[in-house]
>>> print(open('protein_13.cif').read())   # mmCIF, N, CA and C atoms and all ligand atoms
data_protein
#
loop_
_atom_site.label_atom_id
_atom_site.label_comp_id
_atom_site.auth_asym_id
_atom_site.auth_seq_id
_atom_site.Cartn_x
_atom_site.Cartn_y
_atom_site.Cartn_z
N MET T 1 -1.01 10.03 10.72
CA MET T 1 0.42 9.75 10.77
C MET T 1 0.66 8.41 11.48
N THR T 2 1.63 7.67 11.02
CA THR T 2 2.00 6.43 11.70
C THR T 2 3.36 6.63 12.35
N TYR T 3 3.42 6.28 13.63
CA TYR T 3 4.65 6.44 14.39
C TYR T 3 5.20 5.05 14.74
N TYR T 4 6.42 4.81 14.35
CA TYR T 4 7.09 3.54 14.66
C TYR T 4 8.22 3.84 15.64
N PRO T 5 8.06 3.48 16.91
CA PRO T 5 9.15 3.76 17.85
C PRO T 5 10.39 2.94 17.51
N ALA T 6 11.54 3.41 17.93
CA ALA T 6 12.76 2.61 17.80
C ALA T 6 12.57 1.33 18.61
N CYS T 7 13.17 0.27 18.12
CA CYS T 7 12.95 -1.03 18.78
C CYS T 7 14.30 -1.70 19.02
N PRO T 8 14.99 -1.29 20.11
CA PRO T 8 16.37 -1.78 20.32
C PRO T 8 16.46 -3.28 20.54
N VAL T 9 15.42 -3.88 21.12
CA VAL T 9 15.48 -5.31 21.41
C VAL T 9 14.47 -6.04 20.51
N GLY T 10 14.98 -7.02 19.77
CA GLY T 10 14.08 -7.88 18.99
C GLY T 10 13.54 -7.23 17.74
N HIS T 11 14.23 -6.20 17.22
CA HIS T 11 13.74 -5.51 16.02
C HIS T 11 13.64 -6.44 14.81
N ASP T 12 14.44 -7.52 14.82
CA ASP T 12 14.41 -8.46 13.70
C ASP T 12 13.28 -9.49 13.86
N LYS T 13 12.57 -9.40 14.95
CA LYS T 13 11.49 -10.38 15.20
C LYS T 13 10.10 -9.74 15.12
N VAL T 14 10.06 -8.42 15.01
CA VAL T 14 8.74 -7.76 14.94
C VAL T 14 8.66 -6.90 13.69
N LEU T 15 7.44 -6.56 13.32
CA LEU T 15 7.22 -5.68 12.17
C LEU T 15 6.42 -4.47 12.63
N GLY T 16 6.64 -3.35 11.96
CA GLY T 16 5.83 -2.17 12.21
C GLY T 16 4.44 -2.37 11.63
N ILE T 17 4.37 -2.87 10.41
CA ILE T 17 3.10 -3.23 9.75
C ILE T 17 3.33 -4.54 8.99
N SER T 18 2.42 -5.49 9.18
CA SER T 18 2.52 -6.80 8.52
C SER T 18 2.29 -6.67 7.01
N PRO T 19 2.71 -7.69 6.27
CA PRO T 19 2.53 -7.64 4.81
C PRO T 19 1.07 -7.45 4.41
N HIS T 20 0.85 -6.56 3.46
CA HIS T 20 -0.51 -6.28 2.97
C HIS T 20 -0.40 -5.52 1.66
N SER T 21 -1.52 -5.45 0.95
CA SER T 21 -1.64 -4.48 -0.15
C SER T 21 -2.69 -3.47 0.30
N ASP T 22 -2.69 -2.29 -0.31
CA ASP T 22 -3.59 -1.23 0.16
C ASP T 22 -4.93 -1.30 -0.57
N ILE T 23 -6.01 -1.11 0.19
CA ILE T 23 -7.34 -1.01 -0.43
C ILE T 23 -7.52 0.43 -0.87
N SER T 24 -6.90 0.75 -1.99
CA SER T 24 -6.96 2.12 -2.51
C SER T 24 -6.78 2.04 -4.02
N MET T 25 -6.90 3.19 -4.68
CA MET T 25 -6.45 3.26 -6.08
C MET T 25 -4.93 3.45 -6.03
N LEU T 26 -4.55 4.54 -5.40
CA LEU T 26 -3.14 4.84 -5.19
C LEU T 26 -2.95 5.26 -3.74
N THR T 27 -1.82 4.95 -3.19
CA THR T 27 -1.46 5.46 -1.86
C THR T 27 -0.18 6.28 -2.00
N LEU T 28 -0.22 7.48 -1.45
CA LEU T 28 0.98 8.32 -1.43
C LEU T 28 1.57 8.24 -0.02
N VAL T 29 2.83 7.88 0.07
CA VAL T 29 3.48 7.73 1.38
C VAL T 29 4.60 8.76 1.51
N TRP T 30 4.49 9.54 2.56
CA TRP T 30 5.53 10.53 2.86
C TRP T 30 6.31 10.02 4.07
N GLU T 31 7.57 9.71 3.87
CA GLU T 31 8.42 9.24 4.96
C GLU T 31 9.06 10.47 5.61
N LEU T 32 8.31 11.00 6.55
CA LEU T 32 8.58 12.32 7.14
C LEU T 32 10.01 12.57 7.58
N ASN T 33 10.56 11.60 8.33
CA ASN T 33 11.89 11.85 8.90
C ASN T 33 12.97 11.03 8.20
N MET T 34 12.66 10.57 6.98
CA MET T 34 13.66 9.93 6.11
C MET T 34 14.29 8.68 6.72
N VAL T 35 13.55 8.00 7.59
CA VAL T 35 14.05 6.73 8.12
C VAL T 35 13.39 5.61 7.34
N GLY T 36 14.21 4.71 6.80
CA GLY T 36 13.69 3.61 5.99
C GLY T 36 12.94 2.60 6.84
N GLY T 37 12.33 1.65 6.20
CA GLY T 37 11.55 0.62 6.89
C GLY T 37 10.53 0.00 5.94
N LEU T 38 10.04 0.83 5.00
CA LEU T 38 9.08 0.32 4.02
C LEU T 38 9.81 -0.67 3.09
N GLN T 39 9.18 -1.81 2.89
CA GLN T 39 9.75 -2.82 1.97
C GLN T 39 8.66 -3.31 1.05
N ILE T 40 9.01 -3.58 -0.20
CA ILE T 40 8.05 -4.15 -1.15
C ILE T 40 8.49 -5.56 -1.53
N LYS T 41 7.51 -6.38 -1.90
CA LYS T 41 7.84 -7.76 -2.26
C LYS T 41 8.04 -7.85 -3.76
N ARG T 42 9.21 -8.31 -4.13
CA ARG T 42 9.57 -8.49 -5.54
C ARG T 42 10.17 -9.87 -5.70
N GLN T 43 9.56 -10.69 -6.57
CA GLN T 43 10.07 -12.04 -6.83
C GLN T 43 10.40 -12.78 -5.53
N ASP T 44 9.43 -12.78 -4.63
CA ASP T 44 9.54 -13.51 -3.36
C ASP T 44 10.63 -12.97 -2.41
N ALA T 45 11.12 -11.76 -2.67
CA ALA T 45 12.11 -11.18 -1.75
C ALA T 45 11.61 -9.80 -1.30
N TRP T 46 11.97 -9.43 -0.08
CA TRP T 46 11.61 -8.10 0.42
C TRP T 46 12.69 -7.09 0.03
N VAL T 47 12.26 -6.05 -0.66
CA VAL T 47 13.20 -5.04 -1.17
C VAL T 47 12.94 -3.72 -0.44
N PRO T 48 13.97 -3.16 0.23
CA PRO T 48 13.76 -1.89 0.94
C PRO T 48 13.51 -0.73 -0.03
N VAL T 49 12.60 0.15 0.37
CA VAL T 49 12.35 1.38 -0.40
C VAL T 49 13.12 2.49 0.30
N LYS T 50 14.14 3.00 -0.36
CA LYS T 50 14.98 4.02 0.28
C LYS T 50 14.26 5.37 0.24
N PRO T 51 14.05 6.00 1.39
CA PRO T 51 13.41 7.32 1.36
C PRO T 51 14.25 8.31 0.54
N GLN T 52 13.58 9.08 -0.29
CA GLN T 52 14.26 10.08 -1.13
C GLN T 52 13.82 11.46 -0.66
N PRO T 53 14.77 12.42 -0.61
CA PRO T 53 14.37 13.77 -0.19
C PRO T 53 13.32 14.36 -1.13
N LYS T 54 12.35 15.03 -0.57
CA LYS T 54 11.30 15.72 -1.33
C LYS T 54 10.56 14.80 -2.29
N ALA T 55 10.43 13.53 -1.92
CA ALA T 55 9.73 12.59 -2.79
C ALA T 55 8.73 11.78 -1.98
N LEU T 56 7.70 11.34 -2.66
CA LEU T 56 6.70 10.46 -2.05
C LEU T 56 6.86 9.07 -2.64
N ALA T 57 6.58 8.05 -1.85
CA ALA T 57 6.47 6.69 -2.42
C ALA T 57 5.01 6.54 -2.87
N VAL T 58 4.82 5.92 -4.02
CA VAL T 58 3.47 5.74 -4.56
C VAL T 58 3.19 4.24 -4.70
N ASN T 59 2.15 3.78 -4.00
CA ASN T 59 1.77 2.37 -4.09
C ASN T 59 0.55 2.21 -4.98
N VAL T 60 0.60 1.25 -5.88
CA VAL T 60 -0.61 0.86 -6.62
C VAL T 60 -1.47 0.03 -5.67
N GLY T 61 -2.73 0.43 -5.54
CA GLY T 61 -3.63 -0.28 -4.63
C GLY T 61 -4.53 -1.28 -5.35
N ASP T 62 -5.34 -1.98 -4.56
CA ASP T 62 -6.19 -3.05 -5.09
C ASP T 62 -7.18 -2.54 -6.15
N PHE T 63 -7.77 -1.37 -5.92
CA PHE T 63 -8.78 -0.89 -6.87
C PHE T 63 -8.17 -0.54 -8.23
N LEU T 64 -6.94 -0.08 -8.24
CA LEU T 64 -6.31 0.23 -9.54
C LEU T 64 -5.99 -1.06 -10.29
N GLU T 65 -5.65 -2.10 -9.54
CA GLU T 65 -5.43 -3.40 -10.19
C GLU T 65 -6.73 -3.88 -10.84
N ILE T 66 -7.84 -3.74 -10.11
CA ILE T 66 -9.13 -4.17 -10.66
C ILE T 66 -9.49 -3.32 -11.88
N LEU T 67 -9.38 -2.00 -11.72
CA LEU T 67 -9.77 -1.07 -12.80
C LEU T 67 -8.99 -1.35 -14.09
N THR T 68 -7.72 -1.71 -13.95
CA THR T 68 -6.88 -1.92 -15.14
C THR T 68 -6.83 -3.40 -15.55
N ASN T 69 -7.71 -4.20 -14.95
CA ASN T 69 -7.78 -5.64 -15.25
C ASN T 69 -6.41 -6.32 -15.05
N GLY T 70 -5.68 -5.82 -14.07
CA GLY T 70 -4.40 -6.45 -13.72
C GLY T 70 -3.19 -5.89 -14.45
N LYS T 71 -3.42 -4.88 -15.31
CA LYS T 71 -2.25 -4.31 -16.04
C LYS T 71 -1.32 -3.60 -15.06
N TYR T 72 -1.91 -2.88 -14.11
CA TYR T 72 -1.13 -2.34 -12.99
C TYR T 72 -1.42 -3.26 -11.81
N GLN T 73 -0.39 -3.80 -11.20
CA GLN T 73 -0.61 -4.74 -10.10
C GLN T 73 -0.37 -4.09 -8.75
N ASN T 74 -1.24 -4.44 -7.83
CA ASN T 74 -1.03 -3.90 -6.48
C ASN T 74 0.33 -4.40 -5.96
N ILE T 75 0.79 -3.75 -4.91
CA ILE T 75 2.11 -4.12 -4.41
C ILE T 75 2.00 -4.57 -2.96
N GLU T 76 2.52 -5.77 -2.72
CA GLU T 76 2.56 -6.24 -1.33
C GLU T 76 3.72 -5.52 -0.64
N HIS T 77 3.44 -5.01 0.53
CA HIS T 77 4.49 -4.29 1.25
C HIS T 77 4.34 -4.49 2.75
N ARG T 78 5.38 -4.13 3.47
CA ARG T 78 5.38 -4.23 4.93
C ARG T 78 6.31 -3.15 5.46
N VAL T 79 6.30 -2.98 6.76
CA VAL T 79 7.21 -1.99 7.36
C VAL T 79 7.98 -2.66 8.50
N THR T 80 9.29 -2.56 8.44
CA THR T 80 10.13 -3.09 9.52
C THR T 80 10.40 -1.96 10.53
N VAL T 81 10.93 -2.34 11.67
CA VAL T 81 11.27 -1.32 12.67
C VAL T 81 12.78 -1.18 12.77
N ASN T 82 13.18 0.00 13.20
CA ASN T 82 14.61 0.30 13.26
C ASN T 82 15.10 0.18 14.71
N PRO T 83 16.26 -0.45 14.93
CA PRO T 83 16.71 -0.62 16.31
C PRO T 83 17.06 0.70 17.01
N HIS T 84 17.45 1.71 16.26
CA HIS T 84 17.97 2.94 16.88
C HIS T 84 17.10 4.18 16.65
N LYS T 85 16.37 4.19 15.53
CA LYS T 85 15.67 5.43 15.18
C LYS T 85 14.16 5.23 15.13
N GLU T 86 13.44 6.23 15.59
CA GLU T 86 12.00 6.21 15.39
C GLU T 86 11.70 6.55 13.92
N ARG T 87 10.51 6.21 13.49
CA ARG T 87 10.15 6.50 12.10
C ARG T 87 8.75 7.08 12.07
N MET T 88 8.55 8.04 11.18
CA MET T 88 7.22 8.64 11.02
C MET T 88 6.85 8.68 9.55
N SER T 89 5.62 8.31 9.26
CA SER T 89 5.17 8.37 7.87
C SER T 89 3.71 8.80 7.83
N ILE T 90 3.32 9.36 6.69
CA ILE T 90 1.91 9.68 6.47
C ILE T 90 1.49 9.00 5.18
N SER T 91 0.45 8.18 5.28
CA SER T 91 -0.09 7.51 4.09
C SER T 91 -1.41 8.19 3.72
N ALA T 92 -1.51 8.62 2.47
CA ALA T 92 -2.77 9.19 1.97
C ALA T 92 -3.36 8.19 0.99
N PHE T 93 -4.48 7.60 1.41
CA PHE T 93 -5.13 6.57 0.59
C PHE T 93 -6.14 7.24 -0.33
N HIS T 94 -5.96 7.07 -1.60
CA HIS T 94 -6.88 7.67 -2.57
C HIS T 94 -7.78 6.57 -3.10
N LEU T 95 -9.08 6.71 -2.81
CA LEU T 95 -10.00 5.69 -3.31
C LEU T 95 -11.30 6.35 -3.75
N PRO T 96 -12.06 5.64 -4.59
CA PRO T 96 -13.29 6.25 -5.09
C PRO T 96 -14.30 6.43 -3.96
N LYS T 97 -15.36 7.20 -4.26
CA LYS T 97 -16.42 7.39 -3.26
C LYS T 97 -17.01 6.04 -2.88
N PHE T 98 -17.45 5.95 -1.62
CA PHE T 98 -17.92 4.67 -1.10
C PHE T 98 -19.16 4.13 -1.82
N ASP T 99 -19.97 5.00 -2.43
CA ASP T 99 -21.17 4.48 -3.10
C ASP T 99 -20.91 4.12 -4.57
N MET T 100 -19.67 4.13 -4.97
CA MET T 100 -19.33 3.76 -6.36
C MET T 100 -18.94 2.29 -6.45
N SER T 101 -18.97 1.77 -7.66
CA SER T 101 -18.50 0.40 -7.91
C SER T 101 -17.28 0.47 -8.80
N VAL T 102 -16.37 -0.46 -8.61
CA VAL T 102 -15.15 -0.51 -9.43
C VAL T 102 -15.03 -1.89 -10.06
N GLY T 103 -14.85 -1.89 -11.37
CA GLY T 103 -14.60 -3.14 -12.10
C GLY T 103 -13.64 -2.83 -13.23
N PRO T 104 -13.22 -3.84 -13.96
CA PRO T 104 -12.30 -3.60 -15.08
C PRO T 104 -12.92 -2.64 -16.09
N LEU T 105 -12.15 -1.65 -16.48
CA LEU T 105 -12.63 -0.60 -17.39
C LEU T 105 -12.67 -1.17 -18.81
N SER T 106 -13.84 -1.06 -19.46
CA SER T 106 -13.97 -1.72 -20.77
C SER T 106 -12.95 -1.19 -21.79
N GLU T 107 -12.60 0.10 -21.68
CA GLU T 107 -11.60 0.66 -22.62
C GLU T 107 -10.24 -0.02 -22.44
N ILE T 108 -9.97 -0.47 -21.24
CA ILE T 108 -8.68 -1.13 -20.97
C ILE T 108 -8.77 -2.63 -21.27
N VAL T 109 -9.91 -3.22 -20.95
CA VAL T 109 -10.07 -4.66 -21.15
C VAL T 109 -10.04 -5.02 -22.63
N GLY T 110 -10.72 -4.20 -23.44
CA GLY T 110 -10.79 -4.50 -24.89
C GLY T 110 -11.35 -5.89 -25.12
N ALA T 111 -10.62 -6.69 -25.87
CA ALA T 111 -11.09 -8.04 -26.22
C ALA T 111 -10.65 -9.09 -25.19
N GLU T 112 -9.93 -8.63 -24.17
CA GLU T 112 -9.45 -9.60 -23.17
C GLU T 112 -10.58 -10.07 -22.25
N VAL T 113 -10.27 -11.08 -21.47
CA VAL T 113 -11.23 -11.57 -20.47
C VAL T 113 -11.13 -10.68 -19.23
N LYS T 114 -12.30 -10.35 -18.68
CA LYS T 114 -12.28 -9.60 -17.40
C LYS T 114 -11.84 -10.53 -16.29
N LYS T 115 -10.79 -10.14 -15.59
CA LYS T 115 -10.24 -11.03 -14.55
C LYS T 115 -10.82 -10.74 -13.17
N TYR T 116 -11.58 -9.66 -13.05
CA TYR T 116 -12.08 -9.24 -11.74
C TYR T 116 -13.57 -8.94 -11.81
N LYS T 117 -14.25 -9.18 -10.70
CA LYS T 117 -15.66 -8.82 -10.58
C LYS T 117 -15.75 -7.31 -10.34
N THR T 118 -16.93 -6.77 -10.58
CA THR T 118 -17.18 -5.37 -10.20
C THR T 118 -17.63 -5.37 -8.74
N LEU T 119 -16.98 -4.54 -7.94
CA LEU T 119 -17.23 -4.53 -6.49
C LEU T 119 -17.62 -3.13 -6.04
N ARG T 120 -18.53 -3.07 -5.08
CA ARG T 120 -18.84 -1.77 -4.48
C ARG T 120 -17.71 -1.39 -3.52
N VAL T 121 -17.31 -0.15 -3.60
CA VAL T 121 -16.16 0.30 -2.80
C VAL T 121 -16.41 0.11 -1.31
N ASP T 122 -17.61 0.48 -0.84
CA ASP T 122 -17.86 0.37 0.61
C ASP T 122 -17.85 -1.08 1.09
N GLU T 123 -18.31 -1.99 0.25
CA GLU T 123 -18.35 -3.39 0.68
C GLU T 123 -16.94 -3.96 0.88
N VAL T 124 -15.99 -3.44 0.12
CA VAL T 124 -14.61 -3.92 0.26
C VAL T 124 -13.89 -3.13 1.36
N ALA T 125 -14.08 -1.82 1.35
CA ALA T 125 -13.27 -0.97 2.24
C ALA T 125 -13.76 -0.97 3.69
N MET T 126 -15.08 -1.01 3.88
CA MET T 126 -15.61 -0.86 5.25
C MET T 126 -15.14 -1.96 6.21
N PRO T 127 -15.18 -3.24 5.82
CA PRO T 127 -14.72 -4.26 6.76
C PRO T 127 -13.26 -4.05 7.17
N CYS T 128 -12.46 -3.57 6.26
CA CYS T 128 -11.04 -3.36 6.58
C CYS T 128 -10.87 -2.17 7.50
N LEU T 129 -11.62 -1.10 7.23
CA LEU T 129 -11.51 0.07 8.10
C LEU T 129 -12.03 -0.26 9.50
N ALA T 130 -13.09 -1.06 9.56
CA ALA T 130 -13.67 -1.41 10.86
C ALA T 130 -12.72 -2.27 11.69
N SER T 131 -11.88 -3.05 11.01
CA SER T 131 -10.99 -3.95 11.76
C SER T 131 -9.72 -3.26 12.22
N GLU T 132 -9.47 -2.00 11.79
CA GLU T 132 -8.22 -1.33 12.17
C GLU T 132 -8.35 -0.57 13.48
O1 LIG F 201 4.66 3.65 6.84
C1 LIG F 201 4.80 3.34 5.66
O2 LIG F 201 5.82 3.59 5.01
C2 LIG F 201 3.70 2.62 4.93
C3 LIG F 201 2.48 2.37 5.77
C4 LIG F 201 1.48 1.50 5.07
O3 LIG F 201 1.81 0.58 4.36
C5 LIG F 201 0.05 1.79 5.22
O4 LIG F 201 -0.31 2.69 5.99
O5 LIG F 201 -0.76 1.10 4.56
FE FE F 202 0.15 -0.02 3.11
#
>>> encode(input="protein_13.cif", output="structure tokens")
Amino acid sequence: MTYYPACPVGHDKVLGISPHSDISMLTLVWELNMVGGLQIKRQDAWVPVKPQPKALAVNVGDFLEILTNGKYQNIEHRVTVNPHKERMSISAFHLPKFDMSVGPLSEIVGAEVKKYKTLRVDEVAMPCLASE
């Protein structure tokens, strides 16, 4: 679970989580207490994701972008903090087993050019997990 305390002073100058895309196939995000803060980048603008009752936010991650040769694009996102309310969320990162490799799926690529290399999951994911 990620806990974002309320930030009464300087909330417009700090972020809960800096801009990033997820190293996953898909990420399911449950905004437990329905406090907004998650934003996605669309056409160079940050767009708030409004929490919906009984719904999860679903992020396309880096590995799904690779697998689909860019047909599904990962989403850059960040989390802002709220001046008055704390926020709680749970992110479930779904990714292939660490000893697997992921590259553009030939059934999806067809006659197109492969835009991505095939990468071992652990080689991409481990450095990021180690730095957190
Ligand atoms: O707290 C959220 O809504 C999203 C958190 C997030 O982006 C992440 O854990 O990668
Ligand atoms: Fe994320």
>>> residues_near_ligand(input="protein_13.cif", ligand="ligand FE 202 (chain F)", cutoff="7 Å", atoms="only C-alpha atoms and all ligand atoms", output="list in words")
His20, Ser21, Asp22, His77 and Arg78 of chain T
>>> atom_distance(input="protein_13.cif", atom1="atom C of Gln39 (chain T)", atom2="atom C of Thr27 (chain T)")
13.4 Å
>>> residues_near_ligand(input="protein_13.cif", ligand="ligand LIG 201 (chain F)", cutoff="8 Å", atoms="only N, CA and C atoms and all ligand atoms", output="ChimeraX atom specification")
/T:1-4,16-18,20-23,27-32,36-39,77-80,87-93
>>> closest_residue(input="protein_13.cif", among="T:Glu107, T:Asn33, T:Pro96, T:His11", to="Ala55 (chain T)", atoms="only C-alpha atoms")
T:Asn33
>>> atom_distance(input="protein_13.cif", atom1="atom N of Val14 (chain T)", atom2="atom N of Asn82 (chain T)")
9.2 Å
>>> atom_distance(input="protein_13.cif", atom1="CA of Met100 (chain T)", atom2="CA of Glu123 (chain T)")
10.1 Å
>>> closest_residue(input="protein_13.cif", among="T:Gln73, T:Leu15, T:Phe63, T:Val81", to="Val124 (chain T)", atoms="only C-alpha atoms")
T:Phe63
>>> closest_residue(input="protein_13.cif", among="T:Ile66, T:Cys128, T:Val9, T:Ile75", to="Val109 (chain T)", atoms="only C-alpha atoms")
T:Ile66
>>> residues_around(input="protein_13.cif", residues="Ile40 (chain T)", least_positions_apart="5", cutoff="6 Å", atoms="only C-alpha atoms", output="list of chain:residue names")
T:Trp46, T:Val47, T:Glu76, T:His77
>>> residues_around(input="protein_13.cif", residues="Val102 (chain T)", least_positions_apart="4", cutoff="5 Å", atoms="only N, CA and C atoms", output="number ranges by chain")
T: 118-120
>>> closest_residue(input="protein_13.cif", among="T:Asn74, T:Lys54, T:Glu65, T:Ala130", to="Tyr116 (chain T)", atoms="all atoms listed in the file")
T:Glu65
>>> select_by_dssp(input="protein_13.cif", residues="chain T", states="alpha helix (DSSP H)", output="JSON list (two decimals) with N, CA and C atoms, in the coordinates of the input")
[["chain", "number", "residue", "atom", "x", "y", "z"],
["T", 62, "ASP", "N", -5.34, -1.98, -4.56],
["T", 62, "ASP", "CA", -6.19, -3.05, -5.09],
["T", 62, "ASP", "C", -7.18, -2.54, -6.15],
["T", 63, "PHE", "N", -7.77, -1.37, -5.92],
["T", 63, "PHE", "CA", -8.78, -0.89, -6.87],
["T", 63, "PHE", "C", -8.17, -0.54, -8.23],
["T", 64, "LEU", "N", -6.94, -0.08, -8.24],
["T", 64, "LEU", "CA", -6.31, 0.23, -9.54],
["T", 64, "LEU", "C", -5.99, -1.06, -10.29],
["T", 65, "GLU", "N", -5.65, -2.10, -9.54],
["T", 65, "GLU", "CA", -5.43, -3.40, -10.19],
["T", 65, "GLU", "C", -6.73, -3.88, -10.84],
["T", 66, "ILE", "N", -7.84, -3.74, -10.11],
["T", 66, "ILE", "CA", -9.13, -4.17, -10.66],
["T", 66, "ILE", "C", -9.49, -3.32, -11.88],
["T", 67, "LEU", "N", -9.38, -2.00, -11.72],
["T", 67, "LEU", "CA", -9.77, -1.07, -12.80],
["T", 67, "LEU", "C", -8.99, -1.35, -14.09],
["T", 106, "SER", "N", -13.84, -1.06, -19.46],
["T", 106, "SER", "CA", -13.97, -1.72, -20.77],
["T", 106, "SER", "C", -12.95, -1.19, -21.79],
["T", 107, "GLU", "N", -12.60, 0.10, -21.68],
["T", 107, "GLU", "CA", -11.60, 0.66, -22.62],
["T", 107, "GLU", "C", -10.24, -0.02, -22.44],
["T", 108, "ILE", "N", -9.97, -0.47, -21.24],
["T", 108, "ILE", "CA", -8.68, -1.13, -20.97],
["T", 108, "ILE", "C", -8.77, -2.63, -21.27],
["T", 109, "VAL", "N", -9.91, -3.22, -20.95],
["T", 109, "VAL", "CA", -10.07, -4.66, -21.15],
["T", 109, "VAL", "C", -10.04, -5.02, -22.63],
["T", 121, "VAL", "N", -17.31, -0.15, -3.60],
["T", 121, "VAL", "CA", -16.16, 0.30, -2.80],
["T", 121, "VAL", "C", -16.41, 0.11, -1.31],
["T", 122, "ASP", "N", -17.61, 0.48, -0.84],
["T", 122, "ASP", "CA", -17.86, 0.37, 0.61],
["T", 122, "ASP", "C", -17.85, -1.08, 1.09],
["T", 123, "GLU", "N", -18.31, -1.99, 0.25],
["T", 123, "GLU", "CA", -18.35, -3.39, 0.68],
["T", 123, "GLU", "C", -16.94, -3.96, 0.88],
["T", 124, "VAL", "N", -15.99, -3.44, 0.12],
["T", 124, "VAL", "CA", -14.61, -3.92, 0.26],
["T", 124, "VAL", "C", -13.89, -3.13, 1.36],
["T", 125, "ALA", "N", -14.08, -1.82, 1.35],
["T", 125, "ALA", "CA", -13.27, -0.97, 2.24],
["T", 125, "ALA", "C", -13.76, -0.97, 3.69],
["T", 126, "MET", "N", -15.08, -1.01, 3.88],
["T", 126, "MET", "CA", -15.61, -0.86, 5.25],
["T", 126, "MET", "C", -15.14, -1.96, 6.21],
["T", 127, "PRO", "N", -15.18, -3.24, 5.82],
["T", 127, "PRO", "CA", -14.72, -4.26, 6.76],
["T", 127, "PRO", "C", -13.26, -4.05, 7.17],
["T", 128, "CYS", "N", -12.46, -3.57, 6.26],
["T", 128, "CYS", "CA", -11.04, -3.36, 6.58],
["T", 128, "CYS", "C", -10.87, -2.17, 7.50],
["T", 129, "LEU", "N", -11.62, -1.10, 7.23],
["T", 129, "LEU", "CA", -11.51, 0.07, 8.10],
["T", 129, "LEU", "C", -12.03, -0.26, 9.50],
["T", 130, "ALA", "N", -13.09, -1.06, 9.56],
["T", 130, "ALA", "CA", -13.67, -1.41, 10.86],
["T", 130, "ALA", "C", -12.72, -2.27, 11.69],
["T", 131, "SER", "N", -11.88, -3.05, 11.01],
["T", 131, "SER", "CA", -10.99, -3.95, 11.76],
["T", 131, "SER", "C", -9.72, -3.26, 12.22]]
>>> closest_residue(input="protein_13.cif", among="T:Asp122, T:Glu112, T:Asp62, T:Asp44", to="Phe98 (chain T)", atoms="all atoms listed in the file")
T:Asp122
>>> select_by_dssp(input="protein_13.cif", residues="region 1-102 of chain T", states="strand (DSSP E or B)", output="JSON, numbers by chain")
{"T": [2, 3, 4, 15, 16, 17, 18, 19, 20, 26, 27, 28, 29, 30, 31, 38, 39, 40, 41, 42, 45, 46, 47, 48, 57, 58, 59, 60, 77, 78, 79, 80, 87, 88, 89, 90, 91, 92, 93, 94, 101, 102]}
>>> residues_near_point(input="protein_13.cif", point="(2.0, 3.8, -5.4)", cutoff="6.5 Å", atoms="only N, CA and C atoms", output="list in words")
Leu26, Thr27, Leu28, Ala57, Val58, Asn59, Val60 and Gly61 of chain T
>>> axis_aligned_box(input="protein_13.cif", around="region 52-59 of chain T", padding_each_side="5 Å", output="AutoDock Vina command-line options")
--center_x 7.7 --center_y 9.0 --center_z -2.6 --size_x 24.2 --size_y 23.5 --size_z 14.8
